[in-house]
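A.B. asks: This is start37.cif, which holds mmCIF, C-alpha atoms:
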```
data_my_file
#
loop_
_atom_site.label_atom_id
_atom_site.label_comp_id
_atom_site.auth_asym_id
_atom_site.auth_seq_id
_atom_site.Cartn_x
_atom_site.Cartn_y
_atom_site.Cartn_z
CA MET N 349 65.71 11.87 -16.45
CA LYS N 350 65.91 13.37 -19.91
CA THR N 351 62.88 15.05 -21.47
CA PRO N 352 61.75 13.04 -24.54
CA PRO N 353 62.32 14.78 -27.89
CA GLU N 354 59.43 16.80 -29.28
CA SER N 355 59.05 14.46 -32.26
CA PHE N 356 58.42 11.58 -29.88
CA LEU N 357 55.68 13.52 -28.07
CA LEU N 358 54.08 14.40 -31.40
CA PHE N 359 54.25 10.78 -32.48
CA LYS N 360 52.68 9.67 -29.19
CA GLU N 361 49.88 12.18 -29.62
CA GLU N 362 49.23 10.96 -33.19
CA LEU N 363 49.24 7.38 -31.94
CA VAL N 364 46.56 8.15 -29.36
CA LYS N 365 44.49 9.90 -32.03
CA ALA N 366 44.88 6.93 -34.36
CA GLN N 367 43.88 4.51 -31.61
CA LEU N 368 40.76 6.58 -30.85
CA GLU N 369 39.88 6.68 -34.55
CA LYS N 370 40.39 2.94 -34.77
CA GLU N 371 38.00 2.40 -31.86
CA ARG N 372 35.44 4.73 -33.43
CA LEU N 373 35.60 2.93 -36.75
CA LYS N 374 35.41 -0.44 -35.02
CA LEU N 375 32.22 0.59 -33.19
CA TYR N 376 30.80 2.07 -36.40
CA TYR N 377 31.39 -1.10 -38.40
CA GLU N 378 30.06 -3.29 -35.59
CA GLN N 379 26.90 -1.21 -35.56
CA GLN N 380 26.59 -1.41 -39.35
CA LEU N 381 27.12 -5.17 -39.23
CA ALA N 382 24.44 -5.56 -36.55
CA GLU N 383 22.00 -3.59 -38.72
CA VAL N 384 22.79 -5.70 -41.78
CA ASN N 385 22.34 -8.90 -39.73
CA GLN N 386 19.01 -7.62 -38.41
CA GLU N 387 17.87 -6.85 -41.96
CA LEU N 388 19.01 -10.30 -43.03
CA LEU N 389 16.90 -11.90 -40.29
CA ARG N 390 13.89 -9.87 -41.44
CA LEU N 391 14.41 -10.95 -45.04
CA LYS N 392 14.76 -14.59 -43.96
CA GLU N 393 11.47 -14.34 -42.09
CA GLN N 394 9.84 -12.76 -45.15
CA ILE N 395 11.13 -15.49 -47.47
CA GLN N 396 9.96 -18.16 -45.01
CA SER N 397 6.51 -16.54 -44.88
CA GLN N 398 6.31 -16.40 -48.66
CA GLN N 399 7.29 -20.08 -48.85
CA ASP N 400 4.60 -20.92 -46.28
CA MET N 401 2.05 -18.98 -48.31
CA MET N 402 3.04 -20.88 -51.45
CA ARG N 403 2.80 -24.20 -49.60
CA THR N 404 -0.64 -23.30 -48.26
CA THR N 405 -1.79 -22.26 -51.73
CA LEU N 406 -0.53 -25.48 -53.29
CA GLU N 407 -2.17 -27.57 -50.57
CA TYR N 408 -5.41 -25.67 -51.15
CA ALA N 409 -5.19 -26.15 -54.93
CA SER N 410 -4.35 -29.82 -54.46
CA ASN N 411 -7.38 -30.33 -52.18
CA LEU N 412 -9.55 -28.56 -54.72
CA GLU N 413 -8.23 -30.86 -57.45
CA ILE N 414 -9.05 -33.95 -55.33
CA ARG N 415 -12.52 -32.59 -54.61
CA LEU N 416 -13.05 -31.81 -58.31
CA THR N 417 -12.10 -35.36 -59.28
CA GLU N 418 -14.52 -36.73 -56.67
CA VAL N 419 -17.34 -34.52 -57.97
CA LYS N 420 -16.60 -35.61 -61.55
CA GLU N 421 -16.80 -39.27 -60.48
CA GLU N 422 -20.05 -38.62 -58.60
CA VAL N 423 -21.54 -36.89 -61.66
CA SER N 424 -20.33 -39.69 -63.93
CA GLN N 425 -21.82 -42.38 -61.65
CA ALA N 426 -25.09 -40.48 -61.32
CA THR N 427 -25.31 -40.09 -65.10
CA SER N 428 -24.59 -43.76 -65.80
CA SER N 429 -27.09 -44.97 -63.17
CA GLN N 430 -29.68 -42.61 -64.64
CA LYS N 431 -29.10 -44.09 -68.12
CA LYS N 432 -29.44 -47.62 -66.73
CA SER N 433 -32.73 -46.79 -65.10
CA ILE N 434 -34.11 -45.28 -68.33
CA TYR N 435 -33.10 -48.05 -70.72
CA MET W 642 3.69 14.03 -32.99
CA ASN W 643 1.53 16.78 -34.37
CA GLU W 644 0.94 15.38 -37.82
CA THR W 645 -2.68 15.40 -38.84
CA THR W 646 -4.40 13.97 -41.85
CA SER W 647 -7.86 14.20 -43.25
CA PHE W 648 -8.83 11.16 -45.26
CA SER W 649 -10.48 12.97 -48.17
CA GLY W 650 -11.89 15.53 -45.81
CA ILE W 651 -14.02 13.10 -43.83
CA MET W 652 -12.53 13.82 -40.47
CA ASP W 653 -9.20 14.79 -39.04
CA PHE W 654 -7.04 12.05 -37.65
CA ASP W 655 -3.94 12.66 -35.53
CA LEU W 656 -0.81 10.66 -35.97
CA ALA W 657 -0.57 8.71 -32.71
CA TYR W 658 2.33 6.39 -33.45
CA GLU W 659 4.81 5.78 -36.23
CA GLN W 660 7.50 3.22 -36.93
CA ARG W 661 9.24 1.81 -40.00
CA TYR W 662 6.37 -0.52 -40.90
CA ALA W 663 3.25 1.23 -39.68
CA LYS W 664 1.50 4.49 -38.98
CA VAL W 665 -1.32 4.75 -36.49
CA TRP W 666 -3.93 7.49 -36.66
CA SER W 667 -6.52 8.31 -34.06
CA ASN W 668 -9.71 10.25 -33.75
CA ALA W 669 -11.00 10.22 -30.18
CA GLU W 670 -14.22 11.98 -31.11
CA ARG W 671 -15.17 9.26 -33.58
CA LYS W 672 -13.57 6.60 -31.34
CA ILE W 673 -11.63 5.30 -34.32
CA LEU W 674 -8.06 4.09 -34.69
CA ILE W 675 -6.49 3.52 -38.10
CA CYS W 676 -3.39 1.40 -38.63
CA GLU W 677 -1.81 1.83 -42.03
CA LEU W 678 0.89 -0.67 -42.93
CA LEU W 679 3.72 0.86 -44.93
CA SER W 680 5.64 -2.12 -46.20
CA ASP W 681 5.03 -5.26 -48.27
CA TYR W 682 5.97 -7.35 -45.25
CA VAL W 683 6.03 -6.71 -41.50
CA PRO W 684 8.27 -8.89 -39.31
CA ILE W 685 6.47 -10.32 -36.28
CA GLU W 686 8.62 -8.39 -33.79
CA ASP W 687 7.74 -5.05 -35.39
CA PHE W 688 4.11 -6.05 -35.85
CA GLN W 689 3.75 -6.91 -32.18
CA GLU W 690 5.50 -3.69 -31.21
CA ALA W 691 3.06 -1.63 -33.31
CA PHE W 692 0.03 -3.51 -32.05
CA GLY W 693 1.31 -3.23 -28.49
CA GLU W 694 1.28 0.55 -28.96
CA ILE W 695 -2.22 0.41 -30.46
CA GLY W 696 -3.22 -1.67 -27.43
CA HIS W 697 -1.99 1.09 -25.11
CA LEU W 698 -4.10 3.62 -27.03
CA VAL W 699 -7.16 1.38 -26.80
CA LYS W 700 -6.66 0.87 -23.07
CA LYS W 701 -6.15 4.58 -22.38
CA GLY W 702 -8.89 5.83 -24.67
CA ASP W 703 -12.44 4.96 -25.52
CA TYR W 704 -11.97 3.53 -29.00
CA THR W 705 -14.57 1.19 -30.46
CA LYS W 706 -13.51 0.91 -34.10
CA PHE W 707 -10.24 -0.25 -35.61
CA ILE W 708 -9.44 0.20 -39.29
CA PHE W 709 -6.61 -1.94 -40.56
CA ASP W 710 -5.25 -0.77 -43.90
CA LYS W 711 -3.18 -3.65 -45.29
CA ARG W 712 -3.01 -2.45 -48.88
CA ALA W 713 0.80 -2.32 -48.86
CA LEU W 714 1.15 -5.97 -47.81
CA ARG W 715 2.19 -8.65 -50.28
CA ALA W 716 3.11 -11.39 -47.84
CA PHE W 717 2.02 -12.26 -44.35
CA HIS W 718 3.37 -14.43 -41.60
CA GLN W 719 0.83 -16.98 -40.38
CA PRO W 720 1.94 -16.95 -36.69
CA THR W 721 1.71 -13.13 -36.76
CA MET W 722 -1.84 -13.30 -38.13
CA GLU W 723 -2.69 -15.90 -35.51
CA TRP W 724 -1.43 -13.67 -32.72
CA TYR W 725 -3.32 -10.67 -34.10
CA PHE W 726 -6.51 -12.54 -34.84
CA ILE W 727 -6.78 -14.71 -31.75
CA HIS W 728 -4.94 -12.96 -28.95
CA TRP W 729 -4.82 -9.25 -29.74
CA LYS W 730 -8.42 -8.93 -30.93
CA LYS W 731 -9.68 -10.88 -27.93
CA GLU W 732 -7.77 -8.70 -25.50
CA MET W 733 -8.95 -5.53 -27.23
CA LEU W 734 -12.56 -6.70 -27.18
CA GLY W 735 -12.25 -6.57 -23.40
CA TYR W 736 -11.57 -2.83 -23.76
CA GLY W 737 -14.52 -2.19 -26.07
CA LEU W 738 -12.84 -2.50 -29.48
CA LYS W 739 -15.57 -4.40 -31.24
CA THR W 740 -15.75 -3.00 -34.77
CA HIS W 741 -13.04 -3.99 -37.23
CA ARG W 742 -12.77 -2.71 -40.77
CA LYS W 743 -10.12 -4.12 -43.07
CA ILE W 744 -8.75 -2.88 -46.35
CA LEU W 745 -6.92 -5.50 -48.37
CA PRO W 746 -4.65 -5.12 -51.40
CA GLU W 747 -6.48 -5.15 -54.72
CA GLU W 748 -4.82 -8.39 -55.77
CA LYS W 749 -7.38 -11.20 -55.69
CA TRP W 750 -4.79 -13.85 -54.87
CA PHE W 751 -3.97 -12.01 -51.65
CA GLU W 752 -7.62 -11.90 -50.66
CA LYS W 753 -7.84 -15.65 -51.29
CA MET W 754 -4.71 -16.24 -49.20
CA VAL W 755 -6.23 -14.29 -46.34
CA GLN W 756 -9.41 -16.37 -46.57
CA ILE W 757 -7.44 -19.61 -46.50
CA ALA W 758 -5.27 -18.46 -43.60
CA LYS W 759 -8.30 -17.23 -41.66
CA ALA W 760 -10.13 -20.52 -42.18
CA GLN W 761 -7.08 -22.40 -40.90
CA ILE W 762 -6.85 -20.22 -37.80
CA LEU W 763 -10.55 -20.56 -37.04
CA THR W 764 -10.32 -24.35 -37.34
CA GLN W 765 -7.28 -24.39 -35.11
CA TYR W 766 -8.94 -22.16 -32.48
CA PRO W 767 -12.61 -23.16 -32.29
CA ASP W 768 -13.15 -21.08 -29.12
CA ASN W 769 -12.35 -17.82 -30.98
CA ILE W 770 -14.37 -14.65 -30.42
CA ILE W 771 -15.03 -13.84 -34.07
CA ASP W 772 -18.81 -14.02 -33.73
CA GLN W 773 -18.68 -11.30 -31.09
CA LEU W 774 -16.98 -8.87 -33.45
CA ASP W 775 -18.35 -6.67 -36.21
CA ILE W 776 -15.90 -7.33 -39.05
CA ALA W 777 -16.21 -6.01 -42.59
CA TYR W 778 -13.95 -5.51 -45.57
CA CYS W 779 -13.82 -2.10 -47.26
CA ASP W 780 -12.13 -0.62 -50.30
CA THR W 781 -11.19 2.78 -48.91
CA ILE W 782 -10.48 4.51 -45.62
CA GLU W 783 -13.51 6.74 -46.20
CA GLU W 784 -15.79 3.74 -46.53
CA ALA W 785 -14.23 2.15 -43.46
CA VAL W 786 -14.74 5.30 -41.41
CA LEU W 787 -18.34 5.72 -42.47
CA THR W 788 -19.57 2.10 -42.23
#
```
Represent the supplied structure as structure tokens.
C.D. replies:
Amino acid sequence: MKTPPESFLLFKEELVKAQLEKERLKLYYEQQLAEVNQELLRLKEQIQSQQDMMRTTLEYASNLEIRLTEVKEEVSQATSSQKKSIY
Amino acid sequence: MNETTSFSGIMDFDLAYEQRYAKVWSNAERKILICELLSDYVPIEDFQEAFGEIGHLVKKGDYTKFIFDKRALRAFHQPTMEWYFIHWKKEMLGYGLKTHRKILPEEKWFEKMVQIAKAQILTQYPDNIIDQLDIAYCDTIEEAVLT
């Protein structure tokens, strides 16, 4: 069997190197992508929490508004009944 | 971890634990643990990890006071607060951690949000242990250490 030419051996060696580099880069990008996805999940959770806080605040403000209206009506009724009793 | 801090010279605290979102300081002599949040938001996974570590410290040591510095926070996750308030505090009370001092952000709206959230949690969990704890809000670490 003939010995392969030197250029072929060099090419083969470069090919192995390139394949190893490709694997390294693949792992590196996969890792980077996992980190970005993790960060994305964290940001989603943060946005959801902020939305929940806003909803809670609006519900609270809305309840306060209802209560304020009720108090106003109570005051108005009390005032009118007081006037009736005087005159 | 050999980092040490002295909060305005009151007493030296050793850095006991550190992660992306929190730093935990301890002073065994004073029986105090301080948790300082570092970010405007802490995901539940990381929060539970940090408080799991604080739990280990409480179980190993003889800590009675916990100072929670939340000044960096701008948003909180209600289920996280629920877990901290109802489950973690109850478990820690079993190990003698009875005194809680909290430092909130200066923003009034945040304080209001905390009040609303706390009221919701207390309504949802009527068998909570809040009346067995000594809880107070402070403006600074120094005040929290001394009161």
A.B. asks: Identify which of the residues W:Pro746, W:Gly693, W:Gly735, W:Gly702 lies closest to Ala669 (chain W), counting all atoms listed in the file when measuring atom-to-atom distances.
C.D. replies: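 Using all atoms listed in the file, Ala669 (chain W) sits closest to W:Gly702.
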A.B. asks: Which chain N residues are at most 7 Å from chain W (counting only C-alpha atoms), as JSON, numbers by chain?
C.D. replies: {"N": [390, 393, 394, 397, 398]}
A.B. asks: Listed atoms of region 653-662 of chain W, axis-aligned box, 4 Å per side: centre and edge lengths to one decimal in Å, as JSON?
C.D. replies:
```
{"center_x": 0.0, "center_y": 7.1, "center_z": -36.8, "size_x": 26.4, "size_y": 23.3, "size_z": 16.2}
```
A.B. asks: What gap, in Å, lies between CA of Ala785 (chain W) and CA of Ile762 (chain W)?
C.D. replies: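 Computing the Euclidean distance for CA of Ala785 (chain W) and CA of Ile762 (chain W) yields 24.2 Å.
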A.B. asks: What is the distance between CA of Gln765 (chain W) and CA of Thr721 (chain W), in Å to one decimal?
C.D. replies: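 Calculated distance between CA of Gln765 (chain W) and CA of Thr721 (chain W) is 14.5 Å.
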A.B. asks: So that I can check the surroundings of Tyr408 (chain N), please list as a PyMOL selection string every protein, DNA and RNA residue that reaches within 12 Å of it, counting all atoms listed in the file and ignoring chain neighbours fewer than 3 positions away.
C.D. replies: (chain N and resi 401-405+411-415) or (chain W and resi 753-754+756-758+760-761)
A.B. asks: Let me make sure I understand: among W:Glu748, W:Glu783, W:Trp724, W:Thr705, which one has the smallest atom-to-atom distance to Asp653 (chain W) if we use only C-alpha atoms?
C.D. replies: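 The shortest atom-to-atom distance to Asp653 (chain W) comes from W:Glu783.
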A.B. asks: Could you jot down the CA of Ile675 (chain W) to CA of Glu732 (chain W) separation for me, Å, one decimal place?
C.D. replies: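 Result for CA of Ile675 (chain W) versus CA of Glu732 (chain W): 17.6 Å, one decimal.
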A.B. asks: Since I can't run it myself right now, could you work out what the PyMOL selection byres ((chain W and resi 731) around 12) selects here and report it as a PDB file with C-alpha atoms, in the frame of the given file?
C.D. replies:
```pdb
ATOM      1  CA  GLY W 696      -3.220  -1.670 -27.430  1.00  0.00           C
ATOM      2  CA  GLU W 723      -2.690 -15.900 -35.510  1.00  0.00           C
ATOM      3  CA  TRP W 724      -1.430 -13.670 -32.720  1.00  0.00           C
ATOM      4  CA  TYR W 725      -3.320 -10.670 -34.100  1.00  0.00           C
ATOM      5  CA  PHE W 726      -6.510 -12.540 -34.840  1.00  0.00           C
ATOM      6  CA  ILE W 727      -6.780 -14.710 -31.750  1.00  0.00           C
ATOM      7  CA  HIS W 728      -4.940 -12.960 -28.950  1.00  0.00           C
ATOM      8  CA  TRP W 729      -4.820  -9.250 -29.740  1.00  0.00           C
ATOM      9  CA  LYS W 730      -8.420  -8.930 -30.930  1.00  0.00           C
ATOM     10  CA  GLU W 732      -7.770  -8.700 -25.500  1.00  0.00           C
ATOM     11  CA  MET W 733      -8.950  -5.530 -27.230  1.00  0.00           C
ATOM     12  CA  LEU W 734     -12.560  -6.700 -27.180  1.00  0.00           C
ATOM     13  CA  GLY W 735     -12.250  -6.570 -23.400  1.00  0.00           C
ATOM     14  CA  TYR W 736     -11.570  -2.830 -23.760  1.00  0.00           C
ATOM     15  CA  GLY W 737     -14.520  -2.190 -26.070  1.00  0.00           C
ATOM     16  CA  LEU W 738     -12.840  -2.500 -29.480  1.00  0.00           C
ATOM     17  CA  LYS W 739     -15.570  -4.400 -31.240  1.00  0.00           C
ATOM     18  CA  ASP W 768     -13.150 -21.080 -29.120  1.00  0.00           C
ATOM     19  CA  ASN W 769     -12.350 -17.820 -30.980  1.00  0.00           C
ATOM     20  CA  ILE W 770     -14.370 -14.650 -30.420  1.00  0.00           C
ATOM     21  CA  ILE W 771     -15.030 -13.840 -34.070  1.00  0.00           C
ATOM     22  CA  ASP W 772     -18.810 -14.020 -33.730  1.00  0.00           C
ATOM     23  CA  GLN W 773     -18.680 -11.300 -31.090  1.00  0.00           C
ATOM     24  CA  LEU W 774     -16.980  -8.870 -33.450  1.00  0.00           C
TER      25      LEU W 774
END
```
A.B. asks: So, counting only C-alpha atoms, which residue among W:Thr788, W:Thr764, W:Asn668, W:Thr740 is closest to Ile776 (chain W)?
C.D. replies: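 Among the listed residues, W:Thr740 lies closest to Ile776 (chain W).
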A.B. asks: Specify as JSON, numbers by chain each residue included when the PyMOL selection byres ((chain W and resi 694) around 12) is applied to this file.
C.D. replies: {"W": [657, 658, 659, 660, 663, 664, 665, 666, 674, 676, 687, 688, 689, 690, 691, 692, 693, 695, 696, 697, 698, 699, 700, 701, 729]}
